[in-house]
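Everything below belongs to entry_3.tsv, which stores TSV, C-alpha atoms.
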```tsv
chain	number	residue	atom	x	y	z
A	22	MET	CA	-11.21	-1.12	-5.47
A	23	VAL	CA	-13.21	-0.25	-2.42
A	24	PHE	CA	-10.75	-1.88	-0.07
A	25	GLY	CA	-7.63	0.00	-1.06
A	26	GLY	CA	-6.01	2.27	1.48
A	27	ASP	CA	-8.59	1.88	4.20
A	28	PHE	CA	-6.23	3.23	6.81
A	29	GLY	CA	-8.86	5.01	8.86
A	30	ASN	CA	-10.33	1.66	9.65
A	31	ALA	CA	-6.89	0.29	10.36
A	32	LEU	CA	-6.49	2.84	13.08
A	33	GLY	CA	-9.96	2.39	14.46
A	34	LEU	CA	-9.33	-1.31	14.69
A	35	VAL	CA	-5.83	-1.21	16.01
A	36	GLN	CA	-7.15	0.23	19.23
A	37	LEU	CA	-9.28	-2.82	19.85
A	38	ASP	CA	-6.45	-5.25	20.21
A	39	THR	CA	-5.74	-4.25	23.73
A	40	ASN	CA	-9.29	-4.70	24.94
A	41	VAL	CA	-10.67	-7.46	22.75
A	42	THR	CA	-10.79	-9.67	25.80
A	43	GLY	CA	-13.19	-7.24	27.48
A	44	THR	CA	-16.93	-7.17	27.73
A	45	ASP	CA	-19.65	-6.52	25.17
A	46	GLY	CA	-18.95	-2.81	25.40
A	47	ASP	CA	-16.01	-3.40	23.12
A	48	ALA	CA	-18.29	-4.55	20.34
A	49	ALA	CA	-19.45	-0.95	20.01
A	50	GLU	CA	-15.89	0.05	19.23
A	51	TYR	CA	-15.84	-2.42	16.40
A	52	ASP	CA	-18.76	-0.53	14.91
A	53	SER	CA	-17.00	2.81	15.04
A	54	GLY	CA	-13.84	1.31	13.59
A	55	GLY	CA	-15.21	-0.73	10.73
A	56	ALA	CA	-18.55	0.93	10.15
A	57	THR	CA	-17.97	1.94	6.54
A	58	ALA	CA	-16.78	-1.43	5.35
A	59	HIS	CA	-18.92	-3.55	7.59
A	60	PRO	CA	-21.99	-1.79	8.88
A	61	ASP	CA	-23.55	-4.76	10.67
A	62	ASP	CA	-20.69	-6.27	12.57
A	63	ALA	CA	-21.99	-6.20	16.13
A	64	PRO	CA	-22.44	-9.99	16.04
A	65	ALA	CA	-18.90	-10.33	14.74
A	66	GLY	CA	-17.67	-8.30	17.66
A	67	GLU	CA	-19.43	-10.61	20.06
A	68	ALA	CA	-18.08	-13.64	18.27
A	69	SER	CA	-14.50	-12.48	18.64
A	70	THR	CA	-15.07	-11.67	22.30
A	71	GLU	CA	-16.00	-15.31	22.61
A	72	THR	CA	-12.91	-16.47	20.77
A	73	SER	CA	-10.62	-14.76	23.22
A	74	ASP	CA	-12.14	-16.89	25.94
A	75	GLY	CA	-11.10	-19.90	23.89
A	76	ALA	CA	-14.70	-20.83	23.01
A	77	GLU	CA	-14.00	-20.78	19.28
A	78	THR	CA	-10.96	-22.42	17.73
A	79	ILE	CA	-8.88	-20.76	15.03
A	80	THR	CA	-7.85	-23.10	12.24
A	81	PHE	CA	-4.94	-23.01	9.83
A	82	ASP	CA	-5.61	-25.37	6.95
A	83	ARG	CA	-5.83	-25.76	3.21
A	84	SER	CA	-9.51	-24.79	3.03
A	85	GLY	CA	-8.69	-21.42	4.67
A	86	ILE	CA	-5.92	-20.77	2.14
A	87	ARG	CA	-8.30	-21.72	-0.66
A	88	ALA	CA	-11.08	-19.45	0.61
A	89	GLY	CA	-8.67	-16.52	0.89
A	90	PHE	CA	-7.21	-17.13	-2.54
A	91	LEU	CA	-10.62	-17.26	-4.26
A	92	THR	CA	-12.01	-14.24	-2.39
A	93	CYS	CA	-8.98	-12.18	-3.35
A	94	LEU	CA	-8.91	-13.13	-7.06
A	95	PRO	CA	-10.99	-10.22	-8.45
A	96	ILE	CA	-9.06	-7.72	-6.33
A	97	ALA	CA	-5.72	-9.25	-7.28
A	98	LEU	CA	-6.74	-8.76	-10.92
A	99	GLY	CA	-7.07	-5.02	-10.26
A	100	VAL	CA	-3.73	-5.03	-8.47
A	101	GLY	CA	-2.34	-6.45	-11.71
A	102	GLY	CA	-3.02	-3.02	-13.26
A	103	TYR	CA	-0.57	-1.46	-10.80
A	104	GLY	CA	1.86	-4.30	-11.48
A	105	ILE	CA	1.96	-3.57	-15.21
A	106	ALA	CA	2.53	0.13	-14.48
A	107	PHE	CA	5.26	-0.75	-11.97
A	108	GLY	CA	7.01	-3.06	-14.45
A	109	MET	CA	7.06	-0.33	-17.10
A	110	LEU	CA	8.38	2.29	-14.66
A	111	ALA	CA	11.02	-0.09	-13.31
A	112	ARG	CA	12.24	-0.83	-16.83
A	113	ARG	CA	12.39	2.88	-17.63
A	114	ALA	CA	14.41	3.45	-14.44
A	115	GLY	CA	17.01	1.01	-15.77
A	116	LEU	CA	16.09	-2.22	-13.99
A	117	SER	CA	16.08	-5.44	-16.00
A	118	VAL	CA	12.99	-7.66	-16.24
A	119	ALA	CA	14.61	-10.11	-13.79
A	120	GLU	CA	15.47	-7.34	-11.31
A	121	SER	CA	11.94	-5.90	-11.50
A	122	ALA	CA	10.43	-9.35	-10.93
A	123	LEU	CA	12.81	-9.98	-8.01
A	124	MET	CA	11.70	-6.74	-6.37
A	125	SER	CA	8.01	-7.59	-6.76
A	126	ALA	CA	8.56	-11.14	-5.48
A	127	THR	CA	10.53	-10.17	-2.37
A	128	VAL	CA	9.18	-6.73	-1.41
A	129	LEU	CA	5.48	-7.03	-2.37
A	130	ALA	CA	4.50	-3.45	-1.52
A	131	GLY	CA	3.04	-1.50	-4.44
A	132	ALA	CA	3.41	2.14	-3.43
A	133	ALA	CA	6.89	1.66	-1.96
A	134	GLN	CA	8.14	-0.12	-5.08
A	135	ILE	CA	6.78	2.53	-7.43
A	136	ILE	CA	8.39	5.28	-5.36
A	137	ALA	CA	11.66	3.32	-5.21
A	138	VAL	CA	11.96	3.13	-8.99
A	139	GLU	CA	11.03	6.81	-9.18
A	140	LEU	CA	14.01	7.55	-6.89
A	141	TRP	CA	16.20	5.18	-8.92
A	142	THR	CA	19.04	7.01	-10.68
A	143	ASP	CA	22.65	6.27	-11.52
A	144	PRO	CA	24.40	6.00	-9.06
A	145	ILE	CA	21.61	4.38	-7.02
A	146	PRO	CA	20.64	6.54	-3.99
A	147	VAL	CA	20.61	3.51	-1.68
A	148	ALA	CA	19.90	5.37	1.59
A	149	ALA	CA	17.03	7.41	0.14
A	150	ILE	CA	15.41	4.31	-1.37
A	151	VAL	CA	15.65	2.20	1.78
A	152	VAL	CA	14.47	5.02	4.08
A	153	ALA	CA	11.57	5.85	1.73
A	154	THR	CA	10.58	2.16	1.64
A	155	LEU	CA	10.59	2.06	5.43
A	156	ALA	CA	8.58	5.28	5.76
A	157	ILE	CA	5.95	4.28	3.22
A	158	ASN	CA	5.53	0.80	4.68
A	159	LEU	CA	5.33	1.82	8.34
A	160	ARG	CA	1.55	1.61	8.00
A	161	TYR	CA	1.88	-2.18	7.65
A	162	SER	CA	2.89	-2.33	11.30
A	163	LEU	CA	-0.43	-0.79	12.29
A	164	MET	CA	-2.35	-3.03	9.91
A	165	GLY	CA	-0.56	-6.15	11.15
A	166	ALA	CA	-1.25	-5.13	14.73
A	167	ALA	CA	-4.95	-4.84	13.89
A	168	LEU	CA	-4.94	-8.54	12.94
A	169	GLY	CA	-3.29	-9.33	16.28
A	170	PRO	CA	-6.31	-10.74	18.15
A	171	TRP	CA	-6.54	-13.55	15.58
A	172	LEU	CA	-3.00	-13.99	14.24
A	173	GLY	CA	-1.63	-13.81	17.77
A	174	ARG	CA	-3.21	-17.19	18.46
A	175	LEU	CA	-1.33	-18.89	15.63
A	176	SER	CA	2.24	-20.12	15.89
A	177	PRO	CA	4.93	-17.47	15.17
A	178	LEU	CA	5.86	-19.20	11.90
A	179	ARG	CA	2.26	-19.12	10.65
A	180	SER	CA	1.38	-15.61	11.85
A	181	TYR	CA	4.59	-13.85	10.83
A	182	GLY	CA	4.76	-15.89	7.62
A	183	SER	CA	1.24	-14.80	6.67
A	184	LEU	CA	2.05	-11.17	7.45
A	185	LEU	CA	4.89	-11.23	4.90
A	186	VAL	CA	2.34	-11.49	2.07
A	187	MET	CA	0.08	-8.79	3.52
A	188	ALA	CA	-0.64	-5.72	1.38
A	189	ASP	CA	-3.35	-3.07	1.60
A	190	GLU	CA	-6.06	-4.88	-0.32
A	191	ASN	CA	-5.79	-8.35	1.17
A	192	TRP	CA	-5.41	-6.90	4.67
A	193	ALA	CA	-8.86	-5.32	4.31
A	194	LEU	CA	-10.36	-8.60	3.08
A	195	THR	CA	-8.76	-10.53	5.93
A	196	MET	CA	-9.96	-8.04	8.53
A	197	ARG	CA	-13.52	-8.57	7.35
A	198	GLU	CA	-13.11	-12.34	7.29
A	199	PHE	CA	-11.69	-12.50	10.82
A	200	GLN	CA	-14.42	-10.22	12.17
A	201	SER	CA	-17.08	-12.51	10.73
A	202	GLY	CA	-15.92	-15.08	13.25
A	203	SER	CA	-15.09	-17.81	10.73
A	204	GLY	CA	-11.87	-18.64	12.56
A	205	ARG	CA	-10.04	-19.31	9.30
A	206	GLY	CA	-6.51	-18.35	10.33
A	207	ALA	CA	-5.00	-19.24	6.95
A	208	PHE	CA	-7.22	-16.75	5.11
A	209	LEU	CA	-4.52	-14.04	5.04
A	210	LEU	CA	-2.00	-16.46	3.56
A	211	GLY	CA	-4.48	-17.43	0.81
A	212	THR	CA	-5.22	-13.83	-0.13
A	213	GLY	CA	-1.51	-13.07	-0.03
A	214	ILE	CA	-0.70	-15.90	-2.43
A	215	ALA	CA	-3.25	-14.48	-4.90
A	216	MET	CA	-1.74	-10.99	-4.53
A	217	TRP	CA	1.80	-12.33	-4.98
A	218	VAL	CA	1.02	-14.35	-8.11
A	219	PHE	CA	-0.76	-11.46	-9.84
A	220	TRP	CA	1.75	-8.83	-8.69
A	221	VAL	CA	4.81	-10.77	-9.91
A	222	THR	CA	3.19	-11.90	-13.18
A	223	SER	CA	1.94	-8.41	-14.07
A	224	THR	CA	5.35	-6.91	-13.19
A	225	ILE	CA	7.01	-9.25	-15.69
A	226	ILE	CA	4.42	-8.37	-18.36
A	227	GLY	CA	4.84	-4.62	-17.72
A	228	ALA	CA	8.64	-4.81	-17.65
A	229	ALA	CA	8.78	-6.83	-20.87
A	230	ALA	CA	6.37	-4.44	-22.64
A	231	GLY	CA	8.14	-1.38	-21.18
A	232	GLY	CA	11.41	-2.50	-22.70
A	233	ALA	CA	9.84	-2.95	-26.11
A	234	ILE	CA	8.29	0.52	-26.26
A	235	GLY	CA	10.37	3.31	-27.80
A	236	ASP	CA	9.99	6.95	-26.72
A	237	PRO	CA	7.76	6.85	-23.64
A	238	ALA	CA	6.41	10.39	-24.05
A	239	SER	CA	4.84	9.64	-27.43
A	240	TYR	CA	2.75	6.88	-25.83
A	241	GLY	CA	2.04	8.84	-22.64
A	242	ILE	CA	3.94	6.20	-20.63
A	243	ASP	CA	5.81	8.95	-18.79
A	244	PHE	CA	2.44	10.01	-17.38
A	245	VAL	CA	1.69	6.56	-15.89
A	246	LEU	CA	3.37	7.38	-12.57
A	247	ALA	CA	1.44	10.62	-12.08
A	248	ALA	CA	-1.76	8.79	-13.07
A	249	VAL	CA	-1.06	5.95	-10.62
A	250	PHE	CA	-0.52	8.47	-7.85
A	251	VAL	CA	-3.64	10.45	-8.60
A	252	ALA	CA	-5.56	7.16	-8.43
A	253	LEU	CA	-3.77	6.20	-5.20
A	254	ALA	CA	-4.61	9.61	-3.72
A	255	VAL	CA	-8.30	9.08	-4.51
A	256	GLU	CA	-8.17	5.75	-2.65
A	257	LEU	CA	-6.30	7.24	0.31
A	258	TRP	CA	-8.64	10.22	0.67
A	259	GLU	CA	-10.61	9.90	3.90
A	260	GLY	CA	-12.61	13.08	3.82
A	261	ARG	CA	-12.01	16.49	5.32
A	262	SER	CA	-9.63	15.24	8.03
A	263	THR	CA	-7.15	14.39	5.26
A	264	LEU	CA	-7.06	17.94	3.90
A	265	VAL	CA	-4.70	19.63	6.39
A	266	PRO	CA	-1.95	16.97	6.38
A	267	TRP	CA	-2.11	16.78	2.58
A	268	LEU	CA	-1.81	20.56	2.18
A	269	VAL	CA	1.18	20.52	4.56
A	270	ALA	CA	2.75	17.71	2.52
A	271	LEU	CA	2.08	19.53	-0.75
A	272	ALA	CA	3.50	22.88	0.39
A	273	THR	CA	6.55	21.30	2.03
A	274	ALA	CA	7.30	19.13	-0.99
A	275	VAL	CA	6.96	21.92	-3.56
A	276	VAL	CA	9.21	24.26	-1.53
A	277	ALA	CA	11.72	21.52	-0.68
A	278	ALA	CA	11.88	20.31	-4.29
A	279	ALA	CA	13.14	23.77	-5.25
A	280	LEU	CA	15.61	24.12	-2.36
A	281	VAL	CA	16.88	20.64	-1.41
A	282	PRO	CA	18.92	18.54	-3.84
A	283	GLY	CA	17.86	15.01	-4.75
A	284	GLN	CA	14.51	13.43	-3.92
A	285	TRP	CA	14.43	14.16	-0.19
A	286	TYR	CA	11.46	16.47	-0.68
A	287	ILE	CA	9.23	13.37	-0.72
A	288	LEU	CA	10.18	12.29	2.78
A	289	LEU	CA	10.26	15.89	4.05
A	290	GLY	CA	6.69	16.35	2.79
A	291	GLY	CA	5.58	13.09	4.38
A	292	PHE	CA	7.20	13.67	7.75
A	293	ALA	CA	6.03	17.32	7.90
A	294	ALA	CA	2.44	16.11	7.45
A	295	ALA	CA	2.89	13.38	10.08
A	296	ALA	CA	4.42	15.88	12.54
A	297	VAL	CA	1.55	18.31	12.05
A	298	GLU	CA	-0.93	15.48	12.59
A	299	VAL	CA	0.80	14.43	15.81
A	300	VAL	CA	0.59	18.03	17.11
A	301	ARG	CA	-2.99	18.49	15.89
A	302	HIS	CA	-4.30	15.26	17.35
A	303	ASP	CA	-6.47	15.94	20.40
A	304	GLY	CA	-6.98	13.22	22.95
B	26	MET	CA	15.04	-3.68	-26.82
B	27	MET	CA	14.48	-6.73	-24.60
B	28	GLY	CA	17.79	-8.37	-25.48
B	29	GLU	CA	20.04	-10.16	-22.99
B	30	ARG	CA	19.76	-7.20	-20.55
B	31	ALA	CA	16.27	-8.38	-19.67
B	32	LEU	CA	17.58	-11.20	-17.48
B	33	GLU	CA	20.54	-9.32	-16.02
B	34	LEU	CA	20.92	-9.36	-12.22
B	35	ASP	CA	23.36	-6.67	-11.13
B	36	PRO	CA	24.78	-7.47	-7.66
B	37	LEU	CA	24.26	-3.89	-6.39
B	38	VAL	CA	20.65	-3.82	-7.65
B	39	VAL	CA	19.97	-7.21	-6.03
B	40	GLY	CA	21.48	-5.87	-2.81
B	41	VAL	CA	19.24	-2.78	-2.81
B	42	VAL	CA	16.18	-4.92	-3.62
B	43	LEU	CA	16.96	-7.29	-0.74
B	44	ALA	CA	17.48	-4.34	1.63
B	45	MET	CA	14.04	-3.04	0.58
B	46	ALA	CA	12.60	-6.51	1.14
B	47	LEU	CA	14.16	-6.64	4.60
B	48	VAL	CA	12.82	-3.28	5.85
B	49	THR	CA	9.40	-4.09	4.36
B	50	ALA	CA	9.35	-7.46	6.14
B	51	VAL	CA	10.24	-5.68	9.38
B	52	THR	CA	7.30	-3.27	8.97
B	53	LYS	CA	4.91	-6.12	8.11
B	54	VAL	CA	5.74	-8.34	11.09
B	55	GLY	CA	6.83	-5.50	13.41
B	56	GLY	CA	3.33	-4.39	14.39
B	57	LEU	CA	2.25	-7.77	15.73
B	58	TRP	CA	5.64	-8.23	17.39
B	59	LEU	CA	5.50	-4.84	19.12
B	60	LEU	CA	1.86	-5.17	20.04
B	61	ARG	CA	2.74	-8.01	22.39
B	62	ARG	CA	5.31	-5.78	24.13
B	63	ILE	CA	4.49	-2.04	24.20
B	64	GLU	CA	1.54	0.32	23.92
B	65	VAL	CA	1.67	2.96	21.14
B	66	SER	CA	0.12	6.34	21.92
B	67	GLU	CA	-2.95	7.34	19.97
B	68	ARG	CA	-1.19	10.57	19.01
B	69	PHE	CA	1.67	8.69	17.36
B	70	GLU	CA	-0.77	6.45	15.50
B	71	ALA	CA	-2.57	9.50	14.11
B	72	GLY	CA	0.71	10.82	12.69
B	73	LEU	CA	1.60	7.45	11.21
B	74	SER	CA	-1.79	7.11	9.57
B	75	VAL	CA	-1.37	10.19	7.36
B	76	LEU	CA	2.06	9.10	6.06
B	77	PRO	CA	0.99	7.08	2.98
B	78	GLY	CA	-1.32	9.79	1.60
B	79	ALA	CA	1.09	12.58	2.47
B	80	ILE	CA	3.94	10.84	0.67
B	81	VAL	CA	1.77	10.31	-2.41
B	82	ILE	CA	0.91	14.04	-2.42
B	83	ALA	CA	4.55	15.02	-1.82
B	84	ILE	CA	5.52	13.15	-4.99
B	85	LEU	CA	2.55	14.25	-7.05
B	86	GLY	CA	2.76	17.99	-6.24
B	87	PRO	CA	6.21	18.80	-7.67
B	88	GLU	CA	5.65	16.30	-10.52
B	89	LEU	CA	2.47	18.03	-11.67
B	90	ALA	CA	3.91	21.49	-10.99
B	91	ALA	CA	6.68	20.66	-13.49
B	92	GLY	CA	4.10	19.62	-16.13
B	93	GLY	CA	1.77	21.72	-18.27
B	94	PRO	CA	-1.92	21.96	-19.21
B	95	ALA	CA	-1.85	18.50	-20.85
B	96	GLU	CA	-0.68	16.82	-17.64
B	97	TRP	CA	-3.02	18.87	-15.44
B	98	GLY	CA	-6.02	18.03	-17.63
B	99	ALA	CA	-5.13	14.34	-17.71
B	100	ALA	CA	-4.65	14.30	-13.93
B	101	GLY	CA	-8.16	15.72	-13.62
B	102	VAL	CA	-9.51	12.95	-15.85
B	103	VAL	CA	-7.81	10.26	-13.72
B	104	LEU	CA	-9.25	11.85	-10.58
B	105	LEU	CA	-12.74	11.89	-12.02
B	106	VAL	CA	-12.66	8.36	-13.45
B	107	MET	CA	-11.12	6.88	-10.29
B	108	TRP	CA	-13.62	8.66	-8.08
B	109	ARG	CA	-16.56	7.51	-10.19
B	110	THR	CA	-15.54	3.95	-11.13
B	111	GLU	CA	-12.91	2.98	-8.53
B	112	SER	CA	-11.24	1.06	-11.36
B	113	ILE	CA	-7.50	1.56	-11.43
B	114	LEU	CA	-7.08	0.11	-14.93
B	115	LEU	CA	-9.79	2.31	-16.41
B	116	SER	CA	-8.35	5.39	-14.67
B	117	LEU	CA	-4.82	4.73	-15.92
B	118	CYS	CA	-5.93	4.09	-19.49
B	119	SER	CA	-8.12	7.19	-19.67
B	120	GLY	CA	-5.36	9.31	-18.09
B	121	VAL	CA	-2.69	8.13	-20.51
B	122	GLY	CA	-5.11	8.47	-23.45
B	123	THR	CA	-5.97	12.03	-22.39
B	124	VAL	CA	-2.36	13.11	-22.01
B	125	VAL	CA	-1.50	11.80	-25.50
B	126	LEU	CA	-4.54	13.55	-26.95
B	127	PHE	CA	-3.88	16.87	-25.16
B	128	ARG	CA	-0.20	16.84	-26.14
B	129	ALA	CA	-1.21	16.43	-29.78
B	130	ILE	CA	-3.63	19.38	-29.54
B	131	VAL	CA	-1.71	21.85	-27.34
```

Take the structure in this file and express it as structure tokens.
Amino acid sequence: MVFGGDFGNALGLVQLDTNVTGTDGDAAEYDSGGATAHPDDAPAGEASTETSDGAETITFDRSGIRAGFLTCLPIALGVGGYGIAFGMLARRAGLSVAESALMSATVLAGAAQIIAVELWTDPIPVAAIVVATLAINLRYSLMGAALGPWLGRLSPLRSYGSLLVMADENWALTMREFQSGSGRGAFLLGTGIAMWVFWVTSTIIGAAAGGAIGDPASYGIDFVLAAVFVALAVELWEGRSTLVPWLVALATAVVAAALVPGQWYILLGGFAAAAVEVVRHDG
Amino acid sequence: MMGERALELDPLVVGVVLAMALVTAVTKVGGLWLLRRIEVSERFEAGLSVLPGAIVIAILGPELAAGGPAEWGAAGVVLLVMWRTESILLSLCSGVGTVVLFRAIV
């Protein structure tokens, strides 16, 4: 999945929102933001400059939903792999099939859900789970803001409604679609519906299978979480700039895991890395 | 194993799930909502952007540190397969296969 975890681009693009109404000079910023995913998007930049003047209309119709749904299908199939893993982990953590499916249907955020069931013990550490969910999903605010120039021109019901089904993969697809200047405002909703259907269905399959399997260790099921996270890490890796925050997170987490009770080491590691990045950032 | 527990909906669990859904919804719509009102500093954005990866590493580190050669070897296989193929399913299957194999050998 090339589109997973493209947060560098999210940040590059989020800066454009404020000046998308500007002149052609802004198109150059589009290039620096989305260069890896979309090397030849100077025309797209110009097109969206036009849209902000009201020259191009943004639609919200069935054909946009359909286009988004079909474009997202192959990627949603890959997401189904995570869904099966999540269902198995949720079942192992003590959730029923119905509870696992409910979480996938209402939360729709892969990494946060997997971490939540990892934190899940008896009694349920409610505060840790909710705070972890918030911390992991904060990136969605940046990603949603990056879609602002287009979604901002839809009604609140349509724009905020579409954002509810946004995840990493379909956000990246939608960003590309919007930049192409197609004006299909319902594209995000279409991709989100595909993500939702595959995520919920695969969760149910994973949870049902997870309950039927005996000792997890003999099938290597206990390794699924570590494997999922290694794969996630590969997708989130953005090159050398990622190294320092990740080392800070690793060191903090390993030390905190030995010293602090419970699962707080996860958030301590995450926030330590974010704090270091805030201090390190120049400009 | 499936049994009648499969369809159980514990009120506390449903409550926690709905709380998760609520904070997630806030993060998803919050960016667009805020964007129309305030300007976030570039510095703060940079910190926010490393959170997902850092949290993944913070979970993975202690988890792998608690494992042994079988888990370390399998983690290496997942890394390699994911890097080469970018296929999550293939990576997971080869990782789980490797860990079962290594545990049988070691």

> Residues of chain B within 7 Å of chain A, using only C-alpha atoms, as a ChimeraX atom specification?
Replying inline: /B:26-27,30-34,39,41-42,44-46,48-50,52-57,60,68-69,71-87,100,103-104,107-108,111-114,117,120-121,124-125

> Separation of atom CA of A:Val218 and atom CA of A:Ser84, in Å?
Replying inline: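 So the two atoms, atom CA of A:Val218 and atom CA of A:Ser84, lie 18.5 Å apart.
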
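Note that atom CA of A:Arg83 and atom CA of A:Thr212 are 12.4 Å apart.
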